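Structure file work-v3.txt with compact mmCIF, C-alpha atoms:
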```
# COMPACT_ATOMS: atom_id res chain seq x y z
CA MET A 1 306.72 45.80 -123.25
CA LYS A 2 307.47 48.72 -121.03
CA GLU A 3 305.45 51.64 -119.78
CA VAL A 4 307.22 54.98 -119.82
CA VAL A 5 305.55 57.33 -117.35
CA ALA A 6 306.68 60.93 -117.59
CA ILE A 7 305.62 63.73 -115.28
CA ILE A 8 306.18 66.97 -117.15
CA GLN A 9 305.36 70.68 -117.17
CA MET A 10 301.86 71.47 -118.42
CA LYS A 11 303.11 73.91 -121.04
CA LYS A 12 305.37 71.26 -122.61
CA MET A 13 302.49 68.95 -123.44
CA GLU A 14 301.94 70.05 -127.03
CA GLU A 15 305.63 69.99 -127.84
CA THR A 16 306.05 66.56 -126.29
CA LYS A 17 303.09 65.18 -128.22
CA ASN A 18 304.48 66.50 -131.50
CA ALA A 19 307.97 65.21 -130.81
CA LEU A 20 306.73 61.74 -129.91
CA ASP A 21 304.57 61.70 -133.02
CA THR A 22 307.50 62.68 -135.25
CA VAL A 23 309.64 59.79 -134.05
CA GLY A 24 306.81 57.32 -134.44
CA PHE A 25 305.13 57.04 -131.07
CA PRO A 26 301.79 58.76 -131.60
CA ALA A 27 299.92 56.72 -129.00
CA PHE A 28 299.90 57.80 -125.39
CA THR A 29 297.61 58.49 -122.45
CA ALA A 30 297.69 61.81 -120.64
CA TYR A 31 296.56 62.70 -117.17
CA LYS A 32 296.22 65.95 -115.34
CA ALA A 33 298.16 65.60 -112.15
CA GLN A 34 299.51 67.64 -109.30
CA GLY A 35 302.81 66.93 -107.74
CA ARG A 36 305.90 67.99 -105.99
CA GLY A 37 309.51 66.90 -106.00
CA LYS A 38 312.12 66.95 -103.37
CA GLN A 39 312.00 70.77 -103.34
CA ARG A 40 308.59 70.46 -101.61
CA GLY A 41 306.64 72.57 -104.05
CA LEU A 42 307.12 76.33 -104.10
CA GLU A 43 307.66 78.66 -101.20
CA ILE A 44 305.90 81.98 -101.69
CA VAL A 45 306.33 84.81 -99.25
CA TYR A 46 303.14 86.79 -99.08
CA PRO A 47 303.38 90.38 -97.95
CA SER A 48 300.83 89.90 -95.23
CA ASP A 49 300.52 90.46 -91.53
CA LEU A 50 298.35 87.41 -91.07
CA GLU A 51 300.26 84.46 -89.72
CA GLU A 52 298.46 81.83 -91.81
CA LEU A 53 298.99 83.74 -95.05
CA ARG A 54 302.64 84.40 -94.42
CA GLU A 55 303.31 80.71 -94.16
CA GLY A 56 301.73 80.29 -97.55
CA SER A 57 303.35 77.93 -99.95
CA VAL A 58 302.25 76.00 -102.98
CA LYS A 59 302.46 72.43 -101.86
CA PHE A 60 301.54 70.88 -105.17
CA LEU A 61 302.23 72.16 -108.64
CA PRO A 62 300.08 71.35 -111.66
CA LYS A 63 301.69 68.77 -113.90
CA ARG A 64 300.87 66.53 -116.80
CA MET A 65 301.51 62.84 -116.60
CA ILE A 66 301.87 60.93 -119.82
CA SER A 67 302.09 57.20 -120.22
CA VAL A 68 303.52 55.59 -123.35
CA VAL A 69 303.59 51.81 -123.71
CA VAL A 70 306.24 50.58 -126.14
CA GLU A 71 308.32 47.55 -126.97
CA ASP A 72 311.45 47.13 -124.86
CA GLU A 73 313.85 48.23 -127.58
CA PHE A 74 312.14 51.61 -128.05
CA VAL A 75 312.41 52.65 -124.39
CA PRO A 76 315.73 54.55 -124.76
CA ALA A 77 314.34 56.43 -127.77
CA VAL A 78 311.17 57.47 -125.97
CA VAL A 79 313.09 58.51 -122.87
CA ALA A 80 315.54 60.49 -125.01
CA VAL A 81 312.78 62.33 -126.90
CA ILE A 82 310.87 63.25 -123.75
CA THR A 83 314.07 64.37 -122.06
CA ARG A 84 315.18 66.48 -125.01
CA VAL A 85 311.87 68.31 -125.35
CA ASN A 86 311.27 68.87 -121.66
CA ARG A 87 314.68 69.83 -120.41
CA THR A 88 314.97 73.51 -119.57
CA GLY A 89 317.55 73.02 -116.84
CA ASN A 90 315.26 74.42 -114.19
CA ILE A 91 313.81 72.67 -111.20
CA GLY A 92 310.44 71.17 -112.07
CA ASP A 93 311.31 69.69 -115.44
CA GLY A 94 309.93 66.38 -114.26
CA ARG A 95 310.70 62.73 -113.94
CA ILE A 96 310.49 59.69 -116.15
CA PHE A 97 309.81 56.22 -114.81
CA VAL A 98 310.01 52.96 -116.75
CA SER A 99 308.05 49.92 -115.60
CA PRO A 100 307.43 46.51 -117.12
CA ILE A 101 304.04 45.75 -118.66
CA GLU A 102 302.97 42.14 -118.76
CA GLU A 103 300.12 42.22 -121.22
CA SER A 104 298.29 44.59 -123.48
CA VAL A 105 295.13 44.08 -125.49
CA ARG A 106 293.72 46.10 -128.35
CA ILE A 107 290.06 46.06 -127.47
CA ARG A 108 288.77 46.61 -131.01
CA THR A 109 290.46 43.53 -132.49
CA GLY A 110 291.47 41.46 -129.49
CA GLU A 111 295.13 41.56 -130.56
CA ARG A 112 297.54 40.91 -127.72
CA GLY A 113 301.08 41.65 -126.77
CA SER A 114 303.37 43.46 -129.16
CA GLU A 115 300.72 43.63 -131.91
CA ALA A 116 298.49 45.62 -129.61
CA VAL A 117 301.05 48.37 -129.04
CA SER A 118 302.45 48.57 -132.57
CA MET B 1 321.93 50.11 -111.98
CA GLY B 2 320.20 46.91 -110.96
CA ARG B 3 316.88 45.97 -112.47
CA CYS B 4 313.74 46.57 -110.45
CA SER B 5 315.51 48.41 -107.68
CA MET B 6 312.57 50.78 -107.29
CA LYS B 7 308.86 50.39 -106.82
CA MET B 8 305.94 52.57 -107.81
CA ILE B 9 303.27 52.85 -105.15
CA ARG B 10 299.84 53.82 -106.35
CA ALA B 11 297.50 54.49 -103.49
CA ILE B 12 293.84 55.26 -104.08
CA VAL B 13 292.68 57.16 -101.03
CA ARG B 14 289.87 59.36 -99.80
CA PRO B 15 290.29 62.89 -101.20
CA GLU B 16 289.82 64.37 -97.73
CA LYS B 17 292.73 62.29 -96.41
CA VAL B 18 295.23 63.43 -99.03
CA ASP B 19 296.72 66.29 -97.04
CA ARG B 20 297.18 64.05 -94.03
CA VAL B 21 298.83 61.33 -96.10
CA ALA B 22 301.08 63.85 -97.87
CA ASP B 23 302.16 65.36 -94.55
CA ALA B 24 302.82 61.94 -93.06
CA LEU B 25 304.87 60.95 -96.10
CA GLU B 26 306.84 64.16 -95.93
CA GLU B 27 307.59 63.56 -92.28
CA ALA B 28 308.85 60.08 -93.10
CA GLY B 29 311.12 61.51 -95.78
CA PHE B 30 309.05 60.82 -98.89
CA VAL B 31 308.63 64.36 -100.14
CA ALA B 32 308.11 63.84 -103.84
CA LEU B 33 304.71 62.65 -104.93
CA THR B 34 302.19 63.01 -107.71
CA LYS B 35 298.45 63.04 -107.17
CA LEU B 36 295.62 62.55 -109.60
CA ASP B 37 291.88 62.92 -109.24
CA VAL B 38 290.24 59.67 -110.20
CA PHE B 39 286.88 57.96 -110.00
CA GLY B 40 286.37 54.39 -109.03
CA ARG B 41 284.57 51.80 -107.07
CA GLY B 42 285.47 48.85 -104.92
CA LYS B 43 283.82 45.51 -104.51
CA GLN B 44 280.84 47.18 -102.83
CA LYS B 45 279.98 48.57 -106.30
CA GLY B 46 279.89 52.21 -105.33
CA ILE B 47 277.51 53.45 -102.72
CA ARG B 48 273.73 53.43 -102.26
CA VAL B 49 272.04 56.21 -100.38
CA GLY B 50 268.33 55.44 -100.27
CA GLU B 51 267.18 55.54 -103.87
CA MET B 52 270.37 57.08 -105.17
CA VAL B 53 273.10 54.81 -106.42
CA TYR B 54 276.54 56.26 -106.95
CA ASP B 55 278.30 53.97 -109.35
CA SER B 56 281.73 55.42 -108.90
CA LEU B 57 283.11 57.63 -106.19
CA SER B 58 285.73 60.31 -106.47
CA LYS B 59 289.09 59.36 -105.06
CA THR B 60 292.61 60.67 -105.25
CA MET B 61 295.41 58.53 -106.52
CA LEU B 62 298.80 59.18 -105.00
CA MET B 63 301.76 58.01 -106.98
CA ILE B 64 305.21 57.78 -105.44
CA VAL B 65 308.32 55.93 -106.49
CA VAL B 66 310.63 54.64 -103.78
CA ASP B 67 313.70 52.48 -103.46
CA ASP B 68 312.97 48.85 -102.67
CA ASP B 69 314.34 48.99 -99.16
CA ARG B 70 312.00 51.82 -98.17
CA LEU B 71 308.90 50.32 -99.74
CA GLN B 72 307.43 48.75 -96.62
CA GLU B 73 307.90 51.95 -94.65
CA ALA B 74 306.17 54.04 -97.31
CA VAL B 75 303.27 51.63 -97.58
CA ARG B 76 302.88 51.58 -93.82
CA VAL B 77 302.85 55.38 -93.61
CA ILE B 78 300.15 55.63 -96.29
CA GLU B 79 298.13 52.85 -94.70
CA GLU B 80 298.16 54.38 -91.26
CA SER B 81 297.45 57.95 -92.35
CA ALA B 82 294.69 57.05 -94.82
CA ARG B 83 292.79 54.65 -92.59
CA THR B 84 289.41 55.50 -91.09
CA GLY B 85 288.26 51.92 -90.65
CA ASN B 86 285.25 52.38 -92.92
CA ILE B 87 284.54 50.99 -96.34
CA GLY B 88 286.11 53.20 -98.99
CA ASP B 89 289.49 53.80 -97.40
CA GLY B 90 291.10 52.69 -100.62
CA LYS B 91 293.75 50.37 -101.93
CA ILE B 92 297.50 50.45 -102.41
CA PHE B 93 299.16 48.84 -105.40
CA VAL B 94 302.88 48.31 -105.88
CA THR B 95 304.54 47.80 -109.25
CA PRO B 96 308.20 47.51 -110.24
CA VAL B 97 310.05 50.45 -111.80
CA GLU B 98 313.17 49.64 -113.74
CA GLU B 99 314.49 53.10 -114.54
CA ALA B 100 314.02 56.61 -113.27
CA HIS B 101 315.33 59.69 -115.08
CA THR B 102 315.44 63.26 -113.89
CA ILE B 103 314.66 65.36 -116.95
CA ARG B 104 316.52 68.45 -115.78
CA THR B 105 319.85 66.71 -115.37
CA GLY B 106 319.39 63.47 -117.27
CA ALA B 107 320.57 61.66 -114.15
CA ARG B 108 319.49 58.11 -113.48
CA GLY B 109 317.86 57.00 -110.26
CA LEU B 110 315.73 58.70 -107.66
```

Output the file's structure as structure tokens, nothing else.
Amino acid sequence: MKEVVAIIQMKKMEETKNALDTVGFPAFTAYKAQGRGKQRGLEIVYPSDLEELREGSVKFLPKRMISVVVEDEFVPAVVAVITRVNRTGNIGDGRIFVSPIEESVRIRTGERGSEAVS
Amino acid sequence: MGRCSMKMIRAIVRPEKVDRVADALEEAGFVALTKLDVFGRGKQKGIRVGEMVYDSLSKTMLMIVVDDDRLQEAVRVIEESARTGNIGDGKIFVTPVEEAHTIRTGARGL
């Protein structure tokens, strides 16, 4: 099993959910997160005479983080769907990380491993 | 691309230390990071103030992904900037990351 963690734009959440659902991955966990990439957030120039306001910048931007746990063979599909929906070509589209998951348990039934994520 | 060439660092730190940690990371060259507001407790089972028992305390989770060879440096930076020496400074967990994709370009890697 693998965990696909995607950090995406807030406004793309609904679209991403629908797209994942359509291709058969309805289950996911979402988090509200704040983050920045290598562009160091946003620089905003305030029209102000005050020194501290002029240096103003948005260090962290609001993001959504979603985590989808799937069998190994579905990873490329999930990555492709998330990429397709979220790509606008602008900075801030987000990142996807894939990590191994050693065990999963469906609490209701006690099922383990691949049965728990299917 | 080799397997497991990156690591995800999840650090649960004091919310008031986040800016300091973020600045220290930026100085060390780790600019990109994601932070989440979380609640949790350690082995002290929360905190007791007189009659009041706080079962879980608010913390901030910092999530950064780094290349393997810079892992120790990143962990050290977080450790040093988040430390107060008191209970509740937090924990750092490291997990393997096999792939990273930039959505904008579709490029692999960090």

Dump as an MDAnalysis selection string the residues of chain A that approach chain B to within 9 Å, counting only C-alpha atoms.
chainID A and resid 7:8 31:41 60 63 65 79 82:84 86:100

In Å, with one decimal, what is the gap from CA of Val69 in chain A to CA of Ser5 in chain B?
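CA of Ser5 in chain B lies 20.3 Å from CA of Val69 in chain A.
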
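In this model, the gap between CA of Gly88 in chain B and CA of Gly46 in chain B comes to 8.9 Å.
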
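Of note, CA of Ser58 in chain B and CA of Ser81 in chain B are spaced 18.5 Å apart.
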
Could you write out as JSON the box around range 22-27 of chain B (axis-aligned, all atoms listed in the file, 3 Å on each side), with centre and edge lengths in Å to one decimal?
```
{"center_x": 304.3, "center_y": 63.2, "center_z": -95.1, "size_x": 12.5, "size_y": 10.4, "size_z": 11.6}
```

Name the residues in contact with Glu80 in chain B at a cut-off of 10 Å, using only C-alpha atoms, excluding same-chain residues fewer than 5 positions from it; report them as a PyMOL selection string.
chain B and resi 21+24+75

Counting all atoms listed in the file, what is within 8 Å of Leu20 in chain A, bar same-chain residues fewer than 3 positions away, as a PyMOL selection string?
chain A and resi 16-17+23-26+78+81-82

Top pick for closest residue to Glu14 in chain A, considering A:Ile107, A:Val75, A:Ala30, A:Ala116 and counting all atoms listed in the file:
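The answer is A:Ala30, which sits nearest to Glu14 in chain A.
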
Will you give me chain A, written with C-alpha atoms and laid out as an mmCIF file, in the first residue's frame?
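Saved as out36.cif:
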```cif
data_model
loop_
_atom_site.group_PDB
_atom_site.id
_atom_site.type_symbol
_atom_site.label_atom_id
_atom_site.label_comp_id
_atom_site.auth_asym_id
_atom_site.auth_seq_id
_atom_site.Cartn_x
_atom_site.Cartn_y
_atom_site.Cartn_z
ATOM 1 C CA MET A 1 0.000 0.000 0.000
ATOM 2 C CA LYS A 2 1.023 3.553 -0.618
ATOM 3 C CA GLU A 3 -0.099 6.873 0.756
ATOM 4 C CA VAL A 4 -0.479 9.638 -1.792
ATOM 5 C CA VAL A 5 -0.260 13.008 -0.043
ATOM 6 C CA ALA A 6 -1.212 15.964 -2.193
ATOM 7 C CA ILE A 7 -0.979 19.592 -1.178
ATOM 8 C CA ILE A 8 -3.356 21.519 -3.409
ATOM 9 C CA GLN A 9 -5.154 24.833 -3.827
ATOM 10 C CA MET A 10 -8.187 25.233 -1.565
ATOM 11 C CA LYS A 11 -10.511 26.042 -4.461
ATOM 12 C CA LYS A 12 -9.613 22.784 -6.249
ATOM 13 C CA MET A 13 -10.853 20.603 -3.416
ATOM 14 C CA GLU A 14 -14.341 19.926 -4.748
ATOM 15 C CA GLU A 15 -13.101 19.187 -8.244
ATOM 16 C CA THR A 16 -10.402 16.870 -6.933
ATOM 17 C CA LYS A 17 -12.892 14.995 -4.766
ATOM 18 C CA ASN A 18 -15.243 14.495 -7.710
ATOM 19 C CA ALA A 19 -12.464 13.398 -10.038
ATOM 20 C CA LEU A 20 -11.104 10.874 -7.555
ATOM 21 C CA ASP A 21 -14.603 9.559 -6.966
ATOM 22 C CA THR A 22 -15.227 9.123 -10.697
ATOM 23 C CA VAL A 23 -12.145 6.975 -11.176
ATOM 24 C CA GLY A 24 -12.963 4.853 -8.155
ATOM 25 C CA PHE A 25 -11.073 6.330 -5.236
ATOM 26 C CA PRO A 26 -13.804 7.872 -3.100
ATOM 27 C CA ALA A 27 -11.964 7.455 0.190
ATOM 28 C CA PHE A 28 -9.552 10.106 1.373
ATOM 29 C CA THR A 29 -8.669 12.280 4.338
ATOM 30 C CA ALA A 30 -8.447 16.043 4.012
ATOM 31 C CA TYR A 31 -6.627 18.550 6.148
ATOM 32 C CA LYS A 32 -6.577 22.296 6.216
ATOM 33 C CA ALA A 33 -2.979 23.323 5.962
ATOM 34 C CA GLN A 34 -0.836 26.345 5.356
ATOM 35 C CA GLY A 35 2.307 26.183 3.384
ATOM 36 C CA ARG A 36 4.836 27.683 1.123
ATOM 37 C CA GLY A 37 7.048 26.419 -1.658
ATOM 38 C CA LYS A 38 10.395 27.492 -2.836
ATOM 39 C CA GLN A 39 8.949 30.867 -3.871
ATOM 40 C CA ARG A 40 8.698 31.690 -0.135
ATOM 41 C CA GLY A 41 5.021 32.558 -0.095
ATOM 42 C CA LEU A 42 3.841 35.798 -1.659
ATOM 43 C CA GLU A 43 5.509 39.165 -1.640
ATOM 44 C CA ILE A 44 3.010 41.992 -1.326
ATOM 45 C CA VAL A 45 4.083 45.595 -1.544
ATOM 46 C CA TYR A 46 1.874 47.674 0.679
ATOM 47 C CA PRO A 47 1.554 51.348 -0.144
ATOM 48 C CA SER A 48 2.564 52.412 3.308
ATOM 49 C CA ASP A 49 5.094 54.670 4.930
ATOM 50 C CA LEU A 50 5.492 52.389 7.904
ATOM 51 C CA GLU A 51 8.597 50.274 7.705
ATOM 52 C CA GLU A 52 7.039 47.128 9.189
ATOM 53 C CA LEU A 53 4.066 47.244 6.826
ATOM 54 C CA ARG A 54 6.149 47.812 3.740
ATOM 55 C CA GLU A 55 8.058 44.635 4.394
ATOM 56 C CA GLY A 56 4.768 42.799 4.479
ATOM 57 C CA SER A 57 4.583 39.471 2.807
ATOM 58 C CA VAL A 58 2.379 36.440 3.087
ATOM 59 C CA LYS A 59 4.685 33.813 4.449
ATOM 60 C CA PHE A 60 2.211 30.973 4.341
ATOM 61 C CA LEU A 61 -0.629 30.401 1.932
ATOM 62 C CA PRO A 62 -3.766 28.453 2.785
ATOM 63 C CA LYS A 63 -3.749 24.994 1.249
ATOM 64 C CA ARG A 64 -5.594 21.738 1.438
ATOM 65 C CA MET A 65 -3.746 18.536 2.083
ATOM 66 C CA ILE A 66 -5.377 15.306 1.027
ATOM 67 C CA SER A 67 -4.187 11.824 1.796
ATOM 68 C CA VAL A 68 -5.314 8.821 -0.241
ATOM 69 C CA VAL A 69 -4.172 5.325 0.690
ATOM 70 C CA VAL A 70 -4.280 2.882 -2.217
ATOM 71 C CA GLU A 71 -2.751 -0.344 -3.432
ATOM 72 C CA ASP A 72 0.629 0.026 -5.136
ATOM 73 C CA GLU A 73 -0.697 -0.490 -8.650
ATOM 74 C CA PHE A 74 -3.174 2.405 -8.386
ATOM 75 C CA VAL A 75 -0.573 5.015 -7.433
ATOM 76 C CA PRO A 76 0.111 6.232 -11.010
ATOM 77 C CA ALA A 77 -3.633 6.586 -11.622
ATOM 78 C CA VAL A 78 -4.214 8.612 -8.467
ATOM 79 C CA VAL A 79 -1.212 10.821 -9.160
ATOM 80 C CA ALA A 80 -2.386 11.353 -12.736
ATOM 81 C CA VAL A 81 -5.924 12.307 -11.698
ATOM 82 C CA ILE A 82 -4.774 14.750 -9.032
ATOM 83 C CA THR A 83 -2.255 16.271 -11.425
ATOM 84 C CA ARG A 84 -4.778 16.647 -14.235
ATOM 85 C CA VAL A 85 -7.389 18.369 -12.082
ATOM 86 C CA ASN A 86 -5.020 20.645 -10.208
ATOM 87 C CA ARG A 87 -2.685 21.788 -12.923
ATOM 88 C CA THR A 88 -3.243 25.399 -13.932
ATOM 89 C CA GLY A 89 0.366 26.033 -14.881
ATOM 90 C CA ASN A 90 0.765 28.701 -12.241
ATOM 91 C CA ILE A 91 3.015 28.687 -9.238
ATOM 92 C CA GLY A 92 1.199 27.241 -6.247
ATOM 93 C CA ASP A 93 -0.449 24.288 -7.932
ATOM 94 C CA GLY A 94 1.005 22.049 -5.261
ATOM 95 C CA ARG A 95 2.990 18.927 -4.699
ATOM 96 C CA ILE A 96 2.296 15.232 -4.507
ATOM 97 C CA PHE A 97 4.284 12.870 -2.324
ATOM 98 C CA VAL A 98 4.076 9.083 -2.316
ATOM 99 C CA SER A 99 5.106 7.110 0.759
ATOM 100 C CA PRO A 100 4.872 3.446 1.694
ATOM 101 C CA ILE A 101 2.245 2.337 4.211
ATOM 102 C CA GLU A 102 2.968 -0.791 6.180
ATOM 103 C CA GLU A 103 -0.417 -1.646 7.589
ATOM 104 C CA SER A 104 -3.980 -0.470 7.522
ATOM 105 C CA VAL A 105 -6.946 -1.603 9.561
ATOM 106 C CA ARG A 106 -10.646 -1.061 8.992
ATOM 107 C CA ILE A 107 -11.780 -0.372 12.511
ATOM 108 C CA ARG A 108 -15.401 -1.450 11.992
ATOM 109 C CA THR A 109 -14.557 -4.993 10.865
ATOM 110 C CA GLY A 110 -10.948 -5.489 11.858
ATOM 111 C CA GLU A 111 -9.974 -6.204 8.239
ATOM 112 C CA ARG A 112 -6.304 -5.634 7.533
ATOM 113 C CA GLY A 113 -4.051 -4.833 4.648
ATOM 114 C CA SER A 114 -5.434 -4.557 1.153
ATOM 115 C CA GLU A 115 -8.981 -5.480 2.243
ATOM 116 C CA ALA A 116 -9.042 -2.466 4.511
ATOM 117 C CA VAL A 117 -8.329 0.004 1.718
ATOM 118 C CA SER A 118 -10.453 -1.592 -0.998
#
```
